[in-house]
4 protein chains.
Amino acid sequence: MNTEVRAAIIGATGYGGVELIRLLQAHPRVRITSVVSTSNAGAPIADGFPHLNQIMLDLLDELDVQLIQGKADVVFLATPAGVSTELSPKLLAAGLKVIDLSGDYRLKSPEIYEQYYKRKGPISADLERAVYGLCEIFGEDVGGADFISNPGCYPTATLLGLIPAVKEGWIDPATIIIDAKSGVSGAGRGVNLGVHYAEVNENFTAYKVNKHQHIPEIEQALSRVAGKPVVTTFTTHLVPMTRGIMSTMYASVQGELRTEDDFIQLYRKYYEGRPFVRIRNQGKWPATKEVSGSNYCDIGFAVDERTGRVTIISVIDNVVKGAAGQAIQNLNMMMGWEETTGLLFTPVYP
Amino acid sequence: MNTEVRAAIIGATGYGGVELIRLLQAHPRVRITSVVSTSNAGAPIADGFPHLNQIMLDLLDELDVQLIQGKADVVFLATPAGVSTELSPKLLAAGLKVIDLSGDYRLKSPEIYEQYYKRKGPISADLERAVYGLCEIFGEDVGGADFISNPGCYPTATLLGLIPAVKEGWIDPATIIIDAKSGVSGAGRGVNLGVHYAEVNENFTAYKVNKHQHIPEIEQALSRVAGKPVVTTFTTHLVPMTRGIMSTMYASVQGELRTEDDFIQLYRKYYEGRPFVRIRNQGKWPATKEVSGSNYCDIGFAVDERTGRVTIISVIDNVVKGAAGQAIQNLNMMMGWEETTGLLFTPVYP
Amino acid sequence: MNTEVRAAIIGATGYGGVELIRLLQAHPRVRITSVVSTSNAGAPIADGFPHLNQIMLDLLDELDVQLIQGKADVVFLATPAGVSTELSPKLLAAGLKVIDLSGDYRLKSPEIYEQYYKRKGPISADLERAVYGLCEIFGEDVGGADFISNPGCYPTATLLGLIPAVKEGWIDPATIIIDAKSGVSGAGRGVNLGVHYAEVNENFTAYKVNKHQHIPEIEQALSRVAGKPVVTTFTTHLVPMTRGIMSTMYASVQGELRTEDDFIQLYRKYYEGRPFVRIRNQGKWPATKEVSGSNYCDIGFAVDERTGRVTIISVIDNVVKGAAGQAIQNLNMMMGWEETTGLLFTPVYP
Amino acid sequence: MNTEVRAAIIGATGYGGVELIRLLQAHPRVRITSVVSTSNAGAPIADGFPHLNQIMLDLLDELDVQLIQGKADVVFLATPAGVSTELSPKLLAAGLKVIDLSGDYRLKSPEIYEQYYKRKGPISADLERAVYGLCEIFGEDVGGADFISNPGCYPTATLLGLIPAVKEGWIDPATIIIDAKSGVSGAGRGVNLGVHYAEVNENFTAYKVNKHQHIPEIEQALSRVAGKPVVTTFTTHLVPMTRGIMSTMYASVQGELRTEDDFIQLYRKYYEGRPFVRIRNQGKWPATKEVSGSNYCDIGFAVDERTGRVTIISVIDNVVKGAAGQAIQNLNMMMGWEETTGLLFTPVYP
């Protein structure tokens with residue numbers, strides 16, 4: 001019985017792609033058989049990523065569906081918006097499993113996609129096929145699927161932090177405010193003044209206030225769980241660091257006032273058996289470095305009796321749990337493997 | 001007519017103290033005549049701060065009120081909590097003007113001081129004498145005062161961002177949520193694991209959630225302006241950078257929905273003639289580096305019609321506008337000088 | 001046949017110790033059975049290192065040789081100077097294998113140890129027993145040894161970069177100048193003003209010029225290879241980053257002028273079969289991030305015909321190849337296992 | 001008598017240009033009358049540099065020599081290589097004084113310029129007219145000049161550190177090795193992968209080893225002082241910080257072995273009356289942050305009797321003393337003003 005899966009990575013020269021390489025190389029049941037880049041095809045991948053010298057000798061492949069079909073069983077798409085819309089239907093038609101790390105298939109409404117992504121989205125039939133792979137929340141949809149839309153980085157941290165309380169009715173969805181912060185790798189490897197070291201270093205900035213394309217993704221999932229439309233206030237900030245996301249979230253506690261300990265117990269129960277979500281003890285809040293390089297999402301709480309609000313703090317490594325790690329977690333669940341296969345590395349500290 | 005003022009700095013070897021030195025040396029009407037440090041008295045200040053070599057030759061003085069009385073007209077206290085409680089009454093009794101950068105005299109309620117600072121606060125008579133020197137808001141109290149309690153760094157950024165809207169009744173004070181972020185210099189020069197480079201770098205952390213001693217200071221000022229008690233939700237985060245504070249603030253807009261442009265006009269009118277507050281144009285939000293090394297507070301707005309909330313973003317350099325710069329601005333106003341005297345330097349960029 | 005080794009880590013709450021935990025947890029043939037800390041015995045290790053929550057549940061043990069003897073086969077000492085001098089003889093007497101990450105047993109001359117470490121060094125009999133575990137150079141001594149003195153971080157980067165050329169006589173040892181740079185984790189987790197974030201960030205400093213305790217360690221190894229006494233010029237600098245060392249080394253080329261390609265070929269041949277040393281192609285020099293989180297040492301060359309000098313650039317992750325990783329590499333070789341066992345992780349990039 | 005000088009800045013939207021704006025605005029005898037940018041002419045300069053909001057209201061001018069002639073007395077060129085070659089002759093012909101911050105007129109040999117800058121250099125007649133404005137060394141040439149070639153950042157730190165010892169014959173010029181490190185602002189505001197935050201942060205890299213265009217500039221000045229051709233080994237490194245250069249320099253001491261104290265005395269005497277060069281006491285070495293934001297160059301020494309070598313450490317802020325600050329110092333000296341006019345600001349610490 002051959003249980004090894006052959007994987008192709010499209011967009012292998014971005015940060016999501018190169019992290020897939022790092023993680024898949026340590027995965028016991030996956031072999032990378034093709035790394036694809038439209039811009040540098042034919043060159044050794046280690047040319048652009050010298051840390052892969054003597055580790056990965058592969059040359060970058062052209063983007064050619066037939067070629068991929070011959071080499072791979074599953075395809076990871078770590079591509080800019082729009083690419084997957086074009087490519088995924090072809091890959092699926094070729095019998096390949098697809099895990100799409102881009103935002104193309106996350107929003108079920110083509111109109112909202114177009115509004116936030118400023119481009120035409122995928123057609124409805126394909127959209128319906130795509131499973132939103134937020135493993136700890138909607139994991140039951142993932143087993144056996146062949147097309148996964150991997151959640152965005154901000155939505156992953158945010159939804160894991162909010163959903164148990166929303167589901168239980170402990171917080172009023174209408175009061176949710178999300179103050180999110182990300183390291184610079186979230187912006188990708190493309191160059192522009194916004195990622196110039198001298199502009200980012202010793203600087204803290206807000207961007208896309210109330211306009212970020214992850215807003216509808218978060219609201220879609222919250223609405224699904226709440227059973228009614230939810231709108232949120234969402235701010236994104238850029239932190240002078242490479243990796244890490246923190247979502248600091250605020251909401252009014254509903255019904256009786258719950259204590260921090262109540263929230264901790266609720267979340268620990270909700271995430272029981274899901275090793276990648278760790279709930280901090282009372283009076284402790286997680287920091288981004290405590291999950292760096294790993295697939296963990298750590299969550300802590302503060303309840304303020306004076307205001308009747310809960311503050312929920314959720315952190316992930318945006319490149320791992322917010323991208324490549326969760327994509328592999330989805331693969332594990334698609335294949336019926338243990339969810340943690342190849343993902344149980346300790347965070348890199350310091 | 002001798003209009004030069006002689007200044008003493010107590011706590012000259014902390015970050016607030018050494019920034020006072022930097023700024024006062026460029027002030028045309030102030031001469032530093034004594035730099036006081038209890039821990040290193042007798043040593044040249046440049047020993048601990050080599051950047052002052054050949055610039056400031058002074059030896060650190062002992063803390064001795066009589067000595068200061070002979071050398072200075074005004075005393076800046078850049079000392080840890082508790083010191084000013086002891087010292088300010090003596091300095092005032094000696095006929096000195098006092099500008100206190102610590103939190104000792106900011107809270108008018110001794111009970112609340114004790115609750116947040118975990119120590120006995122000053123006695124009421126002295127408290128009444130202390131003027132809370134938030135120059136652009138309560139500046140009318142400063143002229144002619146002899147005892148200024150200089151606002152905290154978080155309150156400065158936060159209150160300048162909130163007060164015009166609160167005063168005008170445009171936002172509901174009960175809905176205010178403040179998500180604040182600070183560089184590490186705000187923690188002072190003392191050493192502990194929390195400021196160790198390897199722990200802070202590539203890390204984003206939350207701390208003292210709902211417990212920070214600046215909460216009552218913010219609420220006291222908001223209540224004063226609102227004319228009724230205001231409680232807020234306030235979170236502080238540590239950013240891996242040295243200088244800078246951003247307060248990202250959320251509130252529900254009251255009455256008719258105001259546009260971003262409405263807020264911009266309101267704030268520009270409120271701060272007319274106050275050069276240190278700069279209001280950004282629509283769709284622009286300030287970044288901390290844009291005020292670094294300067295006395296500016298920059299503010300921007302986003303109004304979300306979907307949620308009926310306004311997001312207000314306010315940035316300062318915590319060591320300047322949040323400490324030494326505002327202290328000098330207070331001195332200028334106490335003395336009846338132009339508010340900007342010695343403070344009109346351009347931010348250091350990049 | 002049970003080939004699993006039980007390991008104890010003494011000094012588990014320093015950066016070297018905690019990195020040993022990270023790496024050993026992924027090692028297929030080692031089980032950590034005791035983590036020892038004199039300062040926090042009895043507390044869960046995750047209290048001080050929240051990134052280990054739900055990963056390592058162990059309580060910190062007291063330092064007790066008998067206890068360790070009952071639980072472990074091998075002991076890693078990640079302790080400050082002086083501890084190993086006391087402890088290693090006892091551990092060895094108890095039949096334990098010892099891998100000492102401190103500097104105590106690296107210098108064969110007690111006089112020089114005392115001069116640089118400002119304390120009494122170990123006695124000669126123990127010194128003779130300790131094998132200097134620079135795996136790629138002196139690896140033949142390691143197999144079967146029971147007491148390893150693990151090289152320092154600077155010496156590892158430096159010696160791997162210099163020794164092939166010194167051995168071959170291609171460079172004049174008398175002309176060697178080493179300009180070394182390290183991230184802050186090299187200073188350990190102890191707190192002092194020198195590691196305060198606000199002092200280190202946006203700063204580049206030199207320290208211990210010509211006085212660093214790694215100088216005699218480097219010279220001892222170079223002298224051994226050169227067959228005659230070698231003295232060097234060695235400067236250490238602190239880089240505002242957490243991990244990474246670069247040694248930039250200069251020497252006059254001896255005999256005929258060798259090209260960059262000559263050096264590349266020489267080094268590739270020397271390190272053939274040693275996967276952790278990677279030699280860059282001509283015109284390429286390694287950067288510290290390209291080995292971050294990994295056990296690699298990457299080396300590049302520039303030969304200047306105008307001056308007759310070669311510049312050799314060598315990088316490592318100081319916490320891995322410069323400490324915990326090399327210690328495990330030594331364990332592998334002591335045990336007769338494959339040198340790379342448990343160490344073949346890809347660098348974390350970016 | 002009107003002693004105010006009107007200044008135009010060409011290339012005002014680069015880091016050198018915008019630092020000229022910061023410094024000149026605080027200069028008591030200069031008024032900026034035109035800021036020129038070919039790429040954004042017509043837009044307010046504050047659009048691209050929000051830190052200048054309400055400080056500098058100017059619109060960016062087209063590049064038009066006649067227009068400049070009508071508005072300015074002196075022109076600062078903060079432009080990429082090649083621009084000054086074209087422009088300076090025209091500006092000089094129009095009767096303007098020119099201070100060129102680019103490398104175009106630094107090298108007296110057109111062949112060497114072409115070799116290192118990969119473009120045709122200026123013609124000889126203009127080259128002869130250009131005065132190399134290393135103020136503390138060749139300042140006697142500056143007074144009364146109308147065309148200054150402002151030194152490069154690395155040469156400034158390096159030459160101020162080496163020249164007194166070379167001139168005195170205390171070090172052997174043939175043995176000089178320069179290991180230089182720079183913050184990222186030295187690369188300019190242009191975008192490319194090499195300045196991407198995620199690539200630079202937590203990374204230390206070497207670049208242009210033995211190939212940097214500042215090598216011939218350094219050698220030209222050293223040769224002039226030594227009275228014979230000097231070639232050097234020169235390595236440049238990129239430090240993850242925004243501002244600051246350190247040159248760590250090595251050379252063999254000639255004649256009798258001089259102590260650190262000898263070097264300190266020699267340099268203090270050489271730089272007597274030149275306030276911008278500060279010599280550290282014995283056993284102290286300067287750090288880049290100690291000159292940040294200022295026009296100082298700080299120098300320290302270590303002499304090693306074992307090797308007979310001196311290590312000289314020299315630091316500057318590359319944007320100030322290595323560019324805009326020194327350019328203004330040159331203006332001061334051209335105009336016969338006090339060298340320090342408008343430049344005596346204290347370094348920004350921390």
# chains A, B, ... in the order shown; residues from 1 in each chain; ligands from 1
>>> interface_residues(of="chain A", to="chain D", cutoff="8 Å", atoms="only C-alpha atoms", output="ChimeraX atom specification")
/A:184-185,189-193,195-198,200-201,241-242
>>> closest_residue(among="A:Asn330, A:Thr38, A:Ser88, A:Thr175", to="Val230 in chain A", atoms="only C-alpha atoms")
A:Thr175
>>> atom_distance(atom1="CA of Ile312 in chain B", atom2="CA of Ala165 in chain B")
10.0 Å
>>> residues_around(residues="Val36 in chain A", least_positions_apart="6", cutoff="8 Å", atoms="only C-alpha atoms", output="count of residues only")
9
>>> residues_around(residues="Val348 in chain D", least_positions_apart="2", cutoff="12 Å", atoms="only C-alpha atoms", output="count of residues only")
38
>>> select_by_dssp(residues="range 7-207 of chain C", states="strand (DSSP E or B)", output="ChimeraX atom specification")
/C:7-10,30-36,44,59,61,74-77,97-100,131-132,147-149,171,177-182,196,205-207
>>> closest_residue(among="D:Glu140, D:Ala327, D:Arg129, D:Glu272", to="Ser102 in chain D", atoms="only C-alpha atoms")
D:Ala327
>>> closest_residue(among="D:Arg6, D:Gln282, D:Pro216, D:Pro155", to="Gln115 in chain D", atoms="only C-alpha atoms")
D:Pro216
